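Peer 1: Here's a structure for you.
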Amino acid sequence: MRILELVSGALHASLQTMVDLELIIDGYDTSDFSVPSIEDHEQNRHHNGLLFLIRATTSSFSKAIKVKRDYVRQLVAGWSSWPGRLGIRMRLNALRNTAAFSSDEALLFLLEINEQDFWAIRREIALILLDRVKDVQPELLADVEARVRSSGAAYYEKYPIEEGQVDWRSHARDTVVWLRLKMLKEAGVLSEAGRSELDVIVERRPYLDRAVQDSDFFGSYSSGVRTVVGDSTPILEAAPDSRLEVAAELNHSPDIDIRLGWSAYCSADPKGAFETLANAELISTNIELWGTFLGTLAFRKNGEQDTLRNQIVVDALAVLEVLEVERLKPIAPAIVDVLSFGPRQNVGNFENWCDRLWEAVCHSDFEINFDQNLYEVAINCPAGRLARILLSEFDRTRQEAGADEARQRARLALAASESSSAGAVARAVLVDAFAYVLHAERPLAEQHLLPMLRADSEEGRALRAVLVSHGNINPEISQFASTEVLRGVTESQPGSSNALLIASCILRPALAAVRDDAPGSWGISEGDVRNALRESTPELRAGALNVLEQWMTQNPSGTEDAWKNTVEPLFERIWPKDRSLLDDGLNIDLMRLAVGAGKHFPDALEKFRHYFSRYAGQRSSIFPLKGSSALKEFPEQVLDLLWLLFGSTGDTNDEMADVLDRLLEAQPDIEVDRRFQSLELRTVRYE
């Protein structure tokens, strides 16, 4: 029994933390995706995390129900009120237990579930319809079947279809309804109306004219993984002068092992593969094989024949140097990859190679989704990786006072001014290294990067995001491009995983002012920071509070000193005093700062009083208080904080019982406080 209580509480707390991290929000629930099946199943094999707690909960439930049935039933009923969808799925799985629940109770719960969960939960609902329908009241069964048949269309219609997009909604509805009706049919309780509906679906979707398969119970299904290494046997068995001809034919084989035979051969015997290619004509089919060969040279295990492979790279590029740009295009990506990791300094006519490769990748135009992280797009495409090579070589030449610096400067300017998609990703690479570019090649920043950073375009917005998310904002950048930095901050997208990094880049100028650390060297003022926080997203404001918390915990003089000399004055100067920005999502961050203030907790609470917001919905954690000495040292102020967060109505959370007990232990007479009594009455305790 105690194990069930502990693991159930731990699972609830984990889900609450996921809410705080916005991994469970509105209709989006990562916890649901990470647990294919509540009961043990092969599909759970390659998942972890919450699965271990779920396994412990379901295992202890089956034992606890035999000991204290009524209490366990009550505990299970509480699962469905947890954040996200896992608690509901766990309750559905428990309802299959005939010793704990009746069939009527199982189907009544199916009628209580909201539409979103009723249609999103696939496996657990289907199994209820298979296992718990034979001895149920006919009226309940009719109501459940009617809901299955009739409500799906309206649910899926709520999803909009964009222009040109295939309308998938009726297919999705038919698939889910088909599975549930098949379960009722297999259980022998499907009505005539249900049989007719099932026949209509099968006629409309011939691919559903079959028996139910295990994969039908899951939204996504893994059939296992097989490592494909390629079979080079046909190439090895061919005569040396026929190997390329055989390899070219195998490239079009329907058998993936055979199709990857040339790649396997190149990996196993790079020297033999090179000699075979070097002795053959540079015709189109052979150039394609060169691309595969170079690709295997680019990716190697640490220390694997490095000397041999590096020499082969040098020799290979010497052979391919005769190719004009047009014929170089198909293998340019592979050459870029080789140069990313290979011996650039030993390559003959390397500067010529750089010019020709840039021309080749520029001709390979591609579409960019500027809503994605542009820098990540850049480093995952040939043009972006080549831009990194060009910048790295420029830096090496500057340090060594090489003879090609002027040529490399011109090439970087050419890349930065390129109008194609290749130019966009090259600019992203250069903006990522903006501090270096501004220091080493200021005209490049002035003439090519700054105009694009100022642009009111998709690329301009994406480049500003790179600047504040990846660039190390220093005083020189803030002087040179203060407006662009501030725009990048306020344009940051909701849900950005870089909120903390973005926030830190604008808090540093304000910190310099508080510490009187050359504040005049920055081009961003405290007022600029305050306005940026006001105009930015809640996620970025939360990121700013996280930065302050990190500064507190990392302070060599301790968190109390950090609060008094850094965090308190900084917060007072930069935080926007605007009630419209109140957000209960910031409560936990403000709590952490107040708790970190230590002996200054009362002062911190007074400072933050007007910034706390009463909890609404699922985000109601008070976790920072649980391990805090404030419970013992400042019980009155902690109770004051709890009242600010929860008020006189509504539920509390599962952390409240422990906090109230510790307050009572620290100050017994606090029990007569009406606020304490109100919170106690609304707190669920698991005895």
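In the structure tokens, each chain is lettered A, B, ... as it comes, each chain's residues begin at 1, and ligands are numbered from 1 in order of appearance.
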Residues within 7 Å of Ala187 of chain A, please, as a PyMOL selection string. Count only C-alpha atoms; anything in the same chain fewer than 4 positions from it doesn't count.
Peer 2: chain A and resi 130+134+183
Peer 1: For Thr652 of chain A, work out the shell of residues within 8 Å, counting only C-alpha atoms and skipping chain neighbours fewer than 4 positions away, then give it as a list in words.
Peer 2: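 The contact residues come out as Ser620, Phe646, Met656, Leu679, Arg682 and Thr683 of chain A.
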Peer 1: Keeping N, CA, C and O atoms for every residue in the selection just given, could you write it to a file as a short mmCIF file (atom, residue, chain, number, x, y, z; two decimals), in the first residue's frame?
Peer 2:
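result-v3.cif, written as the output of this step:
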data_model
loop_
_atom_site.label_atom_id
_atom_site.label_comp_id
_atom_site.auth_asym_id
_atom_site.auth_seq_id
_atom_site.Cartn_x
_atom_site.Cartn_y
_atom_site.Cartn_z
N SER A 620 0.65 24.86 -10.40
CA SER A 620 0.47 25.29 -9.02
C SER A 620 1.56 24.76 -8.10
O SER A 620 1.30 24.44 -6.95
N PHE A 646 -2.75 30.95 -3.62
CA PHE A 646 -3.92 30.09 -3.72
C PHE A 646 -5.22 30.77 -3.30
O PHE A 646 -6.30 30.30 -3.68
N MET A 656 1.23 20.70 -0.79
CA MET A 656 0.76 21.58 0.27
C MET A 656 0.74 20.91 1.63
O MET A 656 1.06 21.53 2.65
N LEU A 679 -6.55 26.74 3.78
CA LEU A 679 -5.66 25.94 2.95
C LEU A 679 -5.70 24.47 3.37
O LEU A 679 -5.68 23.56 2.53
N ARG A 682 -8.69 22.59 2.03
CA ARG A 682 -8.66 22.35 0.58
C ARG A 682 -7.51 21.45 0.14
O ARG A 682 -7.29 21.26 -1.05
N THR A 683 -6.76 20.93 1.10
CA THR A 683 -5.60 20.09 0.78
C THR A 683 -5.96 18.62 0.92
O THR A 683 -6.49 18.19 1.95
#
Peer 1: Skip Pro569 of chain A itself and residues of its chain fewer than 6 positions away, then list as a ChimeraX atom specification all residues within 12 Å of it, counting only C-alpha atoms.
Peer 2: /A:510-515,526,548,561-563,575,604,607
Peer 1: Export C-alpha atoms of the chosen residues as a PDB file, in the first residue's frame?
Peer 2:
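Writing the result to out-v7.pdb gives the following:
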ATOM      1  CA  ALA A 510      22.063  46.137 -16.626  1.00  0.00           C
ATOM      2  CA  LEU A 511      24.284  44.053 -14.360  1.00  0.00           C
ATOM      3  CA  ALA A 512      27.268  46.169 -15.395  1.00  0.00           C
ATOM      4  CA  ALA A 513      25.325  49.275 -14.348  1.00  0.00           C
ATOM      5  CA  VAL A 514      24.418  47.803 -10.948  1.00  0.00           C
ATOM      6  CA  ARG A 515      28.017  46.792 -10.302  1.00  0.00           C
ATOM      7  CA  GLU A 526      18.541  49.763 -18.146  1.00  0.00           C
ATOM      8  CA  LEU A 548      19.053  35.972 -11.821  1.00  0.00           C
ATOM      9  CA  ASP A 561      25.005  38.587  -0.536  1.00  0.00           C
ATOM     10  CA  ALA A 562      23.957  38.135  -4.168  1.00  0.00           C
ATOM     11  CA  TRP A 563      20.386  39.043  -3.285  1.00  0.00           C
ATOM     12  CA  TRP A 575      11.559  44.638 -14.097  1.00  0.00           C
ATOM     13  CA  ALA A 604      12.261  39.461  -0.960  1.00  0.00           C
ATOM     14  CA  LYS A 607       9.652  43.063  -3.111  1.00  0.00           C
TER      15      LYS A 607
END
Peer 1: Looking at only C-alpha atoms, which of A:Leu660, A:Ala332, A:Ala211, A:Leu289 is the one that sits closest to Glu249 of chain A?
Peer 2: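 Of all the options, A:Leu289 lies closest to Glu249 of chain A.
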Peer 1: Name the residues of segment 13-147 of chain A that fall into alpha helix (DSSP H) according to DSSP on the backbone, using the chain letters and numbers of this document, as a ChimeraX atom specification.
Peer 2: /A:13-20,30-33,50-64,69-79,86-94,103-112,115-120,123-131,138-147
Peer 1: Between atom CA of Ile477 of chain A and atom CA of Arg385 of chain A, what is the spacing in Å?
Peer 2: 24.2 Å
Peer 1: Measuring atom to atom with only C-alpha atoms, identify which of A:Arg169, A:Ser580, A:Ile125, A:Asp131 is nearest to Arg96 of chain A.
Peer 2: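 Closest residue, counting only C-alpha atoms: A:Asp131.
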Peer 1: Counting only C-alpha atoms, which of A:Arg89, A:Arg427, A:Arg674, A:Arg398 gets nearest to Leu386 of chain A?
Peer 2: A:Arg427
Peer 1: May I ask which of the residues A:Gly194, A:Lys68, A:Leu51, A:Leu453 is the closest one to Arg2 of chain A, counting only C-alpha atoms?
Peer 2: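 Closest to Arg2 of chain A of all the choices is A:Lys68.
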Peer 1: Give me, as a JSON list (two decimals) with N, CA and C atoms, in the first residue's frame, all polymer residues having an atom no more than 9 Å from Gly84 of chain A, counting only C-alpha atoms and skipping those fewer than 3 positions away in the same chain.
Peer 2:
[["chain", "number", "residue", "atom", "x", "y", "z"],
["A", 15, "LEU", "N", 4.70, 14.85, -13.25],
["A", 15, "LEU", "CA", 3.82, 15.47, -14.25],
["A", 15, "LEU", "C", 3.65, 16.96, -13.97],
["A", 19, "VAL", "N", 4.54, 20.26, -16.33],
["A", 19, "VAL", "CA", 3.70, 21.43, -16.57],
["A", 19, "VAL", "C", 4.52, 22.70, -16.39],
["A", 24, "ILE", "N", 3.85, 19.91, -20.77],
["A", 24, "ILE", "CA", 2.42, 19.62, -20.83],
["A", 24, "ILE", "C", 1.72, 20.97, -20.85],
["A", 25, "ILE", "N", 1.10, 21.28, -21.97],
["A", 25, "ILE", "CA", 0.44, 22.58, -22.08],
["A", 25, "ILE", "C", -0.67, 22.48, -23.10],
["A", 26, "ASP", "N", -1.85, 22.94, -22.71],
["A", 26, "ASP", "CA", -3.04, 22.87, -23.56],
["A", 26, "ASP", "C", -3.21, 21.44, -24.09],
["A", 27, "GLY", "N", -3.28, 21.26, -25.42],
["A", 27, "GLY", "CA", -3.48, 19.93, -25.97],
["A", 27, "GLY", "C", -2.19, 19.19, -26.24],
["A", 28, "TYR", "N", -1.06, 19.80, -25.86],
["A", 28, "TYR", "CA", 0.26, 19.20, -26.13],
["A", 28, "TYR", "C", 0.77, 18.51, -24.87],
["A", 29, "ASP", "N", 1.11, 17.23, -24.97],
["A", 29, "ASP", "CA", 1.50, 16.46, -23.80],
["A", 29, "ASP", "C", 2.60, 15.48, -24.17],
["A", 30, "THR", "N", 3.86, 15.86, -23.88],
["A", 30, "THR", "CA", 4.97, 14.99, -24.23],
["A", 30, "THR", "C", 4.98, 13.71, -23.40],
["A", 31, "SER", "N", 4.43, 13.77, -22.19],
["A", 31, "SER", "CA", 4.40, 12.57, -21.35],
["A", 31, "SER", "C", 3.55, 11.48, -21.99],
["A", 32, "ASP", "N", 2.48, 11.88, -22.67],
["A", 32, "ASP", "CA", 1.60, 10.92, -23.33],
["A", 32, "ASP", "C", 2.32, 10.23, -24.48],
["A", 80, "SER", "N", -7.17, 10.66, -12.59],
["A", 80, "SER", "CA", -7.69, 11.34, -13.78],
["A", 80, "SER", "C", -7.66, 12.86, -13.66],
["A", 81, "SER", "N", -7.38, 13.39, -12.46],
["A", 81, "SER", "CA", -7.27, 14.84, -12.29],
["A", 81, "SER", "C", -5.84, 15.34, -12.45],
["A", 87, "GLY", "N", -2.62, 10.22, -16.44],
["A", 87, "GLY", "CA", -3.46, 9.80, -15.32],
["A", 87, "GLY", "C", -4.76, 9.17, -15.77],
["A", 88, "ILE", "N", -5.36, 9.73, -16.81],
["A", 88, "ILE", "CA", -6.60, 9.17, -17.36],
["A", 88, "ILE", "C", -6.34, 7.80, -17.95]]
Peer 1: Give me, as a VMD selection string, all polymer residues having an atom no more than 12 Å from Leu450 of chain A, counting only C-alpha atoms and skipping those fewer than 3 positions away in the same chain.
Peer 2: chain A and resid 416 to 417 427 to 428 430 to 431 434 437 to 438 442 to 447 453 to 455 460 463 to 464 467 477 480 to 485
Peer 1: Write out as a short mmCIF file (atom, residue, chain, number, x, y, z; two decimals) with N, CA, C and O atoms, in the first residue's frame each polymer residue whose atoms come within 9 Å of Pro333 of chain A, counting only C-alpha atoms; drop sequence neighbours fewer than 2 positions from it.
Peer 2:
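Output (around.cif):
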data_model
loop_
_atom_site.label_atom_id
_atom_site.label_comp_id
_atom_site.auth_asym_id
_atom_site.auth_seq_id
_atom_site.Cartn_x
_atom_site.Cartn_y
_atom_site.Cartn_z
N GLY A 291 31.24 10.52 -55.23
CA GLY A 291 30.51 11.17 -54.13
C GLY A 291 30.31 10.24 -52.95
O GLY A 291 30.52 10.62 -51.78
N GLY A 295 32.05 10.53 -49.25
CA GLY A 295 31.19 10.53 -48.07
C GLY A 295 31.69 9.58 -47.00
O GLY A 295 31.62 9.87 -45.80
N LYS A 329 29.07 19.88 -59.12
CA LYS A 329 27.89 20.10 -58.27
C LYS A 329 27.40 18.84 -57.54
O LYS A 329 27.13 18.89 -56.34
N PRO A 330 27.27 17.68 -58.21
CA PRO A 330 26.70 16.51 -57.50
C PRO A 330 27.53 16.04 -56.31
O PRO A 330 26.99 15.46 -55.37
N ILE A 331 28.85 16.26 -56.38
CA ILE A 331 29.69 15.75 -55.30
C ILE A 331 30.22 16.87 -54.40
O ILE A 331 30.98 16.61 -53.46
N ILE A 335 32.45 16.71 -50.80
CA ILE A 335 33.77 17.33 -50.66
C ILE A 335 33.78 18.30 -49.48
O ILE A 335 34.76 18.38 -48.73
N VAL A 336 32.69 19.05 -49.32
CA VAL A 336 32.59 19.96 -48.17
C VAL A 336 32.70 19.18 -46.87
O VAL A 336 33.40 19.59 -45.92
N ASP A 337 32.02 18.04 -46.79
CA ASP A 337 32.10 17.22 -45.58
C ASP A 337 33.52 16.72 -45.34
O ASP A 337 34.00 16.69 -44.20
N VAL A 338 34.18 16.32 -46.40
CA VAL A 338 35.56 15.85 -46.26
C VAL A 338 36.45 16.97 -45.73
O VAL A 338 37.27 16.77 -44.83
N LEU A 357 34.00 25.42 -54.97
CA LEU A 357 32.98 24.80 -54.14
C LEU A 357 31.86 25.79 -53.80
O LEU A 357 30.68 25.44 -53.79
N VAL A 361 27.93 25.15 -54.63
CA VAL A 361 26.83 25.08 -53.66
C VAL A 361 25.83 26.22 -53.87
O VAL A 361 24.65 26.08 -53.54
N CYS A 381 23.57 21.99 -43.78
CA CYS A 381 23.53 22.02 -45.24
C CYS A 381 24.93 22.36 -45.75
O CYS A 381 25.73 22.99 -45.04
N PRO A 382 25.26 21.94 -46.98
CA PRO A 382 26.62 22.14 -47.50
C PRO A 382 27.08 23.60 -47.50
O PRO A 382 28.23 23.89 -47.15
N ALA A 383 26.20 24.52 -47.91
CA ALA A 383 26.60 25.92 -47.99
C ALA A 383 26.97 26.46 -46.61
O ALA A 383 27.95 27.21 -46.46
N LEU A 386 30.27 24.94 -45.51
CA LEU A 386 31.37 25.54 -46.26
C LEU A 386 31.68 26.94 -45.73
O LEU A 386 32.86 27.34 -45.63
#
Peer 1: Would you kindly return, as a PDB file with C-alpha atoms, in the first residue's frame, each protein, DNA or RNA residue with an atom no farther than 12 Å from any atom of Ser242 of chain A, considering only C-alpha atoms and excluding same-chain residues fewer than 5 positions away?
Peer 2:
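Written out: around.pdb:
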ATOM      1  CA  PRO A 234      29.415  -8.668 -55.701  1.00  0.00           C
ATOM      2  CA  ILE A 235      31.991  -5.884 -56.059  1.00  0.00           C
ATOM      3  CA  LEU A 236      34.781  -7.903 -54.486  1.00  0.00           C
ATOM      4  CA  GLU A 237      34.005 -10.866 -56.747  1.00  0.00           C
ATOM      5  CA  ALA A 247      28.912  -0.804 -58.415  1.00  0.00           C
ATOM      6  CA  ALA A 248      26.929   1.530 -60.673  1.00  0.00           C
ATOM      7  CA  GLU A 249      24.431  -1.256 -61.408  1.00  0.00           C
ATOM      8  CA  THR A 276      39.679   1.840 -58.756  1.00  0.00           C
ATOM      9  CA  LEU A 277      38.168   5.301 -59.201  1.00  0.00           C
ATOM     10  CA  ASN A 279      42.099   4.691 -62.934  1.00  0.00           C
ATOM     11  CA  ALA A 280      38.658   5.250 -64.469  1.00  0.00           C
TER      12      ALA A 280
END
Peer 1: Would you please work out which residue, of A:Leu110, A:Asn346, A:Ser536, A:Arg259, is nearest to Val314 of chain A when using only C-alpha atoms?
Peer 2: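 Comparing A:Leu110, A:Asn346, A:Ser536, A:Arg259 against Val314 of chain A, the winner is A:Asn346.
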Peer 1: So the first atom is atom CA of Gln345 of chain A and the second is atom CA of His363 of chain A; what is the distance between them in Å, to one decimal place?
Peer 2: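 For atom CA of Gln345 of chain A relative to atom CA of His363 of chain A, the distance reads 26.0 Å.
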Peer 1: If you run DSSP on the backbone here, which positions in segment 7-62 of chain A get strand (DSSP E)? Please write them as number ranges by chain.
Peer 2: A: 24-25, 28-29
